[in-house]
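Working notes, beginning with the structure itself.
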Amino acid sequence: MEEGEYESVLCVKPEVHVYRIPPRATNRGYRAAEWQLDQPSWSGRLRITAKGQVAYIKLEDRTSGELFAQAPVDQFPGTAVESVTDSSRYFVIRIEDGNGRRAFIGIGFGDRGDAFDFNVALQDHFKWVKQQCEFAKQAQNPDQGPKLDLGFKEGQTIKLNIALASWPLRENTGPIQWTGGAAILSFTWRKLTFNERQLCART
């Protein structure tokens, strides 16, 4: 991460609860029902920010803004953020202290709308990351992008209708067609107007 990168705020929720979670014994996923939901170990504010491609889930004191814990997220969904199997309001996040130490904790929202916003903020950020990577690849290899093919395919035809004046006074409604490889020209004959007949007589 570069020092000059701008930090943007993706989501802010005024209340989130933190829970100690038991070790996961199997690969079946986490269950919030095992967390003693009536006894959260901490409550405060949640903010999701982003610097470059990495998102950060920050747990902060709702009054002072002091940081309680932070979870860098470089992929979503992934091991840094997991949904529980028995509720849409609870998640397991991997917090880091900056010195290489990591721990998994549970977080939960009292409102399903807050949990939905939390989930969507991460999804939207990593959709943007994916788009930026695709744009960068296209910029490095412009010849590999989709090309516009304006050539005629075998058997493809086009038709041009051209109105031509006929002399003497007669009308031929049958089209004259010319096939030149892949194009068909259709000529329709019409009667000369009085002015056109006068002009032809003078020439």
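All residue names refer to the structure tokens as shown: chains lettered A, B, ... in order, residues numbered from 1 in each chain, ligands numbered from 1 in order.
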So that I can check the secondary structure, give me every residue of range 66-129 of chain A assigned strand (DSSP E or B) by backbone DSSP, as a PDB file with N, CA, C and O atoms, in the first residue's frame.
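Result file follows (out08.pdb):
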```
ATOM      1  N   LEU A  67      -9.842   3.308  17.852  1.00  0.00           N
ATOM      2  CA  LEU A  67      -9.901   2.016  17.173  1.00  0.00           C
ATOM      3  C   LEU A  67      -9.823   0.879  18.182  1.00  0.00           C
ATOM      4  O   LEU A  67      -8.901   0.810  18.988  1.00  0.00           O
ATOM      5  N   PHE A  68     -10.796  -0.029  18.108  1.00  0.00           N
ATOM      6  CA  PHE A  68     -10.804  -1.214  18.952  1.00  0.00           C
ATOM      7  C   PHE A  68     -10.129  -2.381  18.236  1.00  0.00           C
ATOM      8  O   PHE A  68      -9.305  -3.101  18.821  1.00  0.00           O
ATOM      9  N   ALA A  69     -10.471  -2.596  16.983  1.00  0.00           N
ATOM     10  CA  ALA A  69      -9.885  -3.688  16.194  1.00  0.00           C
ATOM     11  C   ALA A  69     -10.101  -3.383  14.718  1.00  0.00           C
ATOM     12  O   ALA A  69     -10.985  -2.606  14.346  1.00  0.00           O
ATOM     13  N   GLN A  70      -9.276  -4.024  13.893  1.00  0.00           N
ATOM     14  CA  GLN A  70      -9.346  -3.774  12.453  1.00  0.00           C
ATOM     15  C   GLN A  70      -9.133  -5.089  11.700  1.00  0.00           C
ATOM     16  O   GLN A  70      -8.297  -5.906  12.074  1.00  0.00           O
ATOM     17  N   ALA A  71      -9.894  -5.258  10.623  1.00  0.00           N
ATOM     18  CA  ALA A  71      -9.792  -6.473   9.811  1.00  0.00           C
ATOM     19  C   ALA A  71      -9.541  -6.084   8.358  1.00  0.00           C
ATOM     20  O   ALA A  71     -10.463  -5.626   7.677  1.00  0.00           O
ATOM     21  N   PRO A  72      -8.308  -6.226   7.860  1.00  0.00           N
ATOM     22  CA  PRO A  72      -8.058  -5.980   6.431  1.00  0.00           C
ATOM     23  C   PRO A  72      -8.719  -7.079   5.592  1.00  0.00           C
ATOM     24  O   PRO A  72      -8.670  -8.258   5.943  1.00  0.00           O
ATOM     25  N   VAL A  73      -9.325  -6.678   4.484  1.00  0.00           N
ATOM     26  CA  VAL A  73     -10.004  -7.626   3.602  1.00  0.00           C
ATOM     27  C   VAL A  73      -9.456  -7.434   2.193  1.00  0.00           C
ATOM     28  O   VAL A  73      -9.640  -6.377   1.589  1.00  0.00           O
ATOM     29  N   GLY A  78     -14.235 -14.547   1.349  1.00  0.00           N
ATOM     30  CA  GLY A  78     -12.946 -15.163   1.624  1.00  0.00           C
ATOM     31  C   GLY A  78     -12.810 -15.429   3.105  1.00  0.00           C
ATOM     32  O   GLY A  78     -13.765 -15.299   3.878  1.00  0.00           O
ATOM     33  N   VAL A  81     -13.660 -12.550   5.920  1.00  0.00           N
ATOM     34  CA  VAL A  81     -15.056 -12.297   6.311  1.00  0.00           C
ATOM     35  C   VAL A  81     -15.878 -13.516   5.914  1.00  0.00           C
ATOM     36  O   VAL A  81     -15.887 -13.902   4.749  1.00  0.00           O
ATOM     37  N   GLU A  82     -16.569 -14.102   6.877  1.00  0.00           N
ATOM     38  CA  GLU A  82     -17.426 -15.259   6.610  1.00  0.00           C
ATOM     39  C   GLU A  82     -18.798 -15.032   7.229  1.00  0.00           C
ATOM     40  O   GLU A  82     -18.911 -14.522   8.347  1.00  0.00           O
ATOM     41  N   SER A  83     -19.824 -15.421   6.512  1.00  0.00           N
ATOM     42  CA  SER A  83     -21.177 -15.397   7.061  1.00  0.00           C
ATOM     43  C   SER A  83     -21.386 -16.640   7.920  1.00  0.00           C
ATOM     44  O   SER A  83     -20.800 -17.692   7.656  1.00  0.00           O
ATOM     45  N   TYR A  90     -25.087 -11.981  11.365  1.00  0.00           N
ATOM     46  CA  TYR A  90     -23.829 -12.218  12.073  1.00  0.00           C
ATOM     47  C   TYR A  90     -22.745 -12.704  11.108  1.00  0.00           C
ATOM     48  O   TYR A  90     -23.022 -13.429  10.142  1.00  0.00           O
ATOM     49  N   PHE A  91     -21.517 -12.297  11.416  1.00  0.00           N
ATOM     50  CA  PHE A  91     -20.369 -12.626  10.570  1.00  0.00           C
ATOM     51  C   PHE A  91     -19.170 -12.943  11.452  1.00  0.00           C
ATOM     52  O   PHE A  91     -19.104 -12.525  12.615  1.00  0.00           O
ATOM     53  N   VAL A  92     -18.211 -13.649  10.873  1.00  0.00           N
ATOM     54  CA  VAL A  92     -16.914 -13.872  11.518  1.00  0.00           C
ATOM     55  C   VAL A  92     -15.873 -13.117  10.713  1.00  0.00           C
ATOM     56  O   VAL A  92     -15.797 -13.261   9.483  1.00  0.00           O
ATOM     57  N   ILE A  93     -15.079 -12.277  11.384  1.00  0.00           N
ATOM     58  CA  ILE A  93     -14.042 -11.510  10.703  1.00  0.00           C
ATOM     59  C   ILE A  93     -12.678 -11.828  11.318  1.00  0.00           C
ATOM     60  O   ILE A  93     -12.585 -12.208  12.495  1.00  0.00           O
ATOM     61  N   ARG A  94     -11.641 -11.672  10.527  1.00  0.00           N
ATOM     62  CA  ARG A  94     -10.264 -11.935  10.972  1.00  0.00           C
ATOM     63  C   ARG A  94      -9.579 -10.612  11.241  1.00  0.00           C
ATOM     64  O   ARG A  94      -9.279  -9.860  10.333  1.00  0.00           O
ATOM     65  N   ILE A  95      -9.352 -10.317  12.502  1.00  0.00           N
ATOM     66  CA  ILE A  95      -8.716  -9.052  12.865  1.00  0.00           C
ATOM     67  C   ILE A  95      -7.199  -9.228  12.931  1.00  0.00           C
ATOM     68  O   ILE A  95      -6.699 -10.330  13.181  1.00  0.00           O
ATOM     69  N   GLU A  96      -6.469  -8.125  12.687  1.00  0.00           N
ATOM     70  CA  GLU A  96      -5.007  -8.126  12.732  1.00  0.00           C
ATOM     71  C   GLU A  96      -4.534  -6.915  13.516  1.00  0.00           C
ATOM     72  O   GLU A  96      -5.166  -5.848  13.476  1.00  0.00           O
ATOM     73  N   ARG A 102      -3.089 -12.511  14.453  1.00  0.00           N
ATOM     74  CA  ARG A 102      -4.451 -12.540  13.935  1.00  0.00           C
ATOM     75  C   ARG A 102      -5.364 -13.270  14.904  1.00  0.00           C
ATOM     76  O   ARG A 102      -4.914 -14.123  15.670  1.00  0.00           O
ATOM     77  N   ALA A 103      -6.639 -12.936  14.826  1.00  0.00           N
ATOM     78  CA  ALA A 103      -7.643 -13.625  15.635  1.00  0.00           C
ATOM     79  C   ALA A 103      -8.987 -13.520  14.933  1.00  0.00           C
ATOM     80  O   ALA A 103      -9.241 -12.563  14.184  1.00  0.00           O
ATOM     81  N   PHE A 104      -9.842 -14.494  15.150  1.00  0.00           N
ATOM     82  CA  PHE A 104     -11.181 -14.480  14.582  1.00  0.00           C
ATOM     83  C   PHE A 104     -12.183 -14.104  15.667  1.00  0.00           C
ATOM     84  O   PHE A 104     -12.148 -14.661  16.776  1.00  0.00           O
ATOM     85  N   ILE A 105     -13.052 -13.169  15.346  1.00  0.00           N
ATOM     86  CA  ILE A 105     -14.104 -12.752  16.271  1.00  0.00           C
ATOM     87  C   ILE A 105     -15.432 -12.716  15.525  1.00  0.00           C
ATOM     88  O   ILE A 105     -15.473 -12.652  14.291  1.00  0.00           O
ATOM     89  N   GLY A 106     -16.501 -12.763  16.305  1.00  0.00           N
ATOM     90  CA  GLY A 106     -17.823 -12.647  15.707  1.00  0.00           C
ATOM     91  C   GLY A 106     -18.342 -11.231  15.828  1.00  0.00           C
ATOM     92  O   GLY A 106     -18.067 -10.537  16.819  1.00  0.00           O
ATOM     93  N   ILE A 107     -19.053 -10.751  14.826  1.00  0.00           N
ATOM     94  CA  ILE A 107     -19.723  -9.456  14.894  1.00  0.00           C
ATOM     95  C   ILE A 107     -21.182  -9.655  14.505  1.00  0.00           C
ATOM     96  O   ILE A 107     -21.527 -10.588  13.753  1.00  0.00           O
ATOM     97  N   GLY A 108     -22.043  -8.804  15.036  1.00  0.00           N
ATOM     98  CA  GLY A 108     -23.462  -8.920  14.737  1.00  0.00           C
ATOM     99  C   GLY A 108     -24.152  -7.572  14.758  1.00  0.00           C
ATOM    100  O   GLY A 108     -23.723  -6.643  15.448  1.00  0.00           O
TER     101      GLY A 108
END
```
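Residues with any atom within 8 Å of range 40-54 of chain A, counting only C-alpha atoms and excluding same-chain neighbours fewer than 6 positions away, are Met1, Glu5, Tyr6, Glu7, Ser8, Val9, Leu10, Cys11, Val12, Lys13, Pro14, Glu15, Val16, His17, Val18, Tyr19, Arg20, Glu60, Asp61, Arg62, Pro72, Val73, Asp74, Gln75, Ala121, Phe126 and Val129 of chain A.
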#### Entry: Residue with smallest distance to Lys58 in chain A - pool A:Asn99, A:Phe118, A:Trp128, A:Phe135, counting only C-alpha atoms
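Using only C-alpha atoms, Lys58 in chain A sits closest to A:Phe118.
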### Message
What does the structure give for the distance between CA of Arg28 in chain A and CA of Asn119 in chain A, in Å to one decimal?
### Response
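A separation of 21.0 Å between them.
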#### Entry: Point-to-point distance from CA of Asp114 in chain A to CA of Ala25 in chain A, Å rounded to tenths
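CA of Ala25 in chain A lies at a distance of 29.2 Å from CA of Asp114 in chain A.
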### Query
Given the choices A:Gly65, A:Tyr56, A:Asp38, A:Asp86, which gets closest to Gly110 in chain A if the distance is worked out from only C-alpha atoms?
A:Asp38
### Message
Would you compute the distance between CA of Ala115 in chain A and CA of Ser88 in chain A? Give it in Å to one decimal.
### Response
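Result for CA of Ala115 in chain A versus CA of Ser88 in chain A: 7.0 Å, one decimal.
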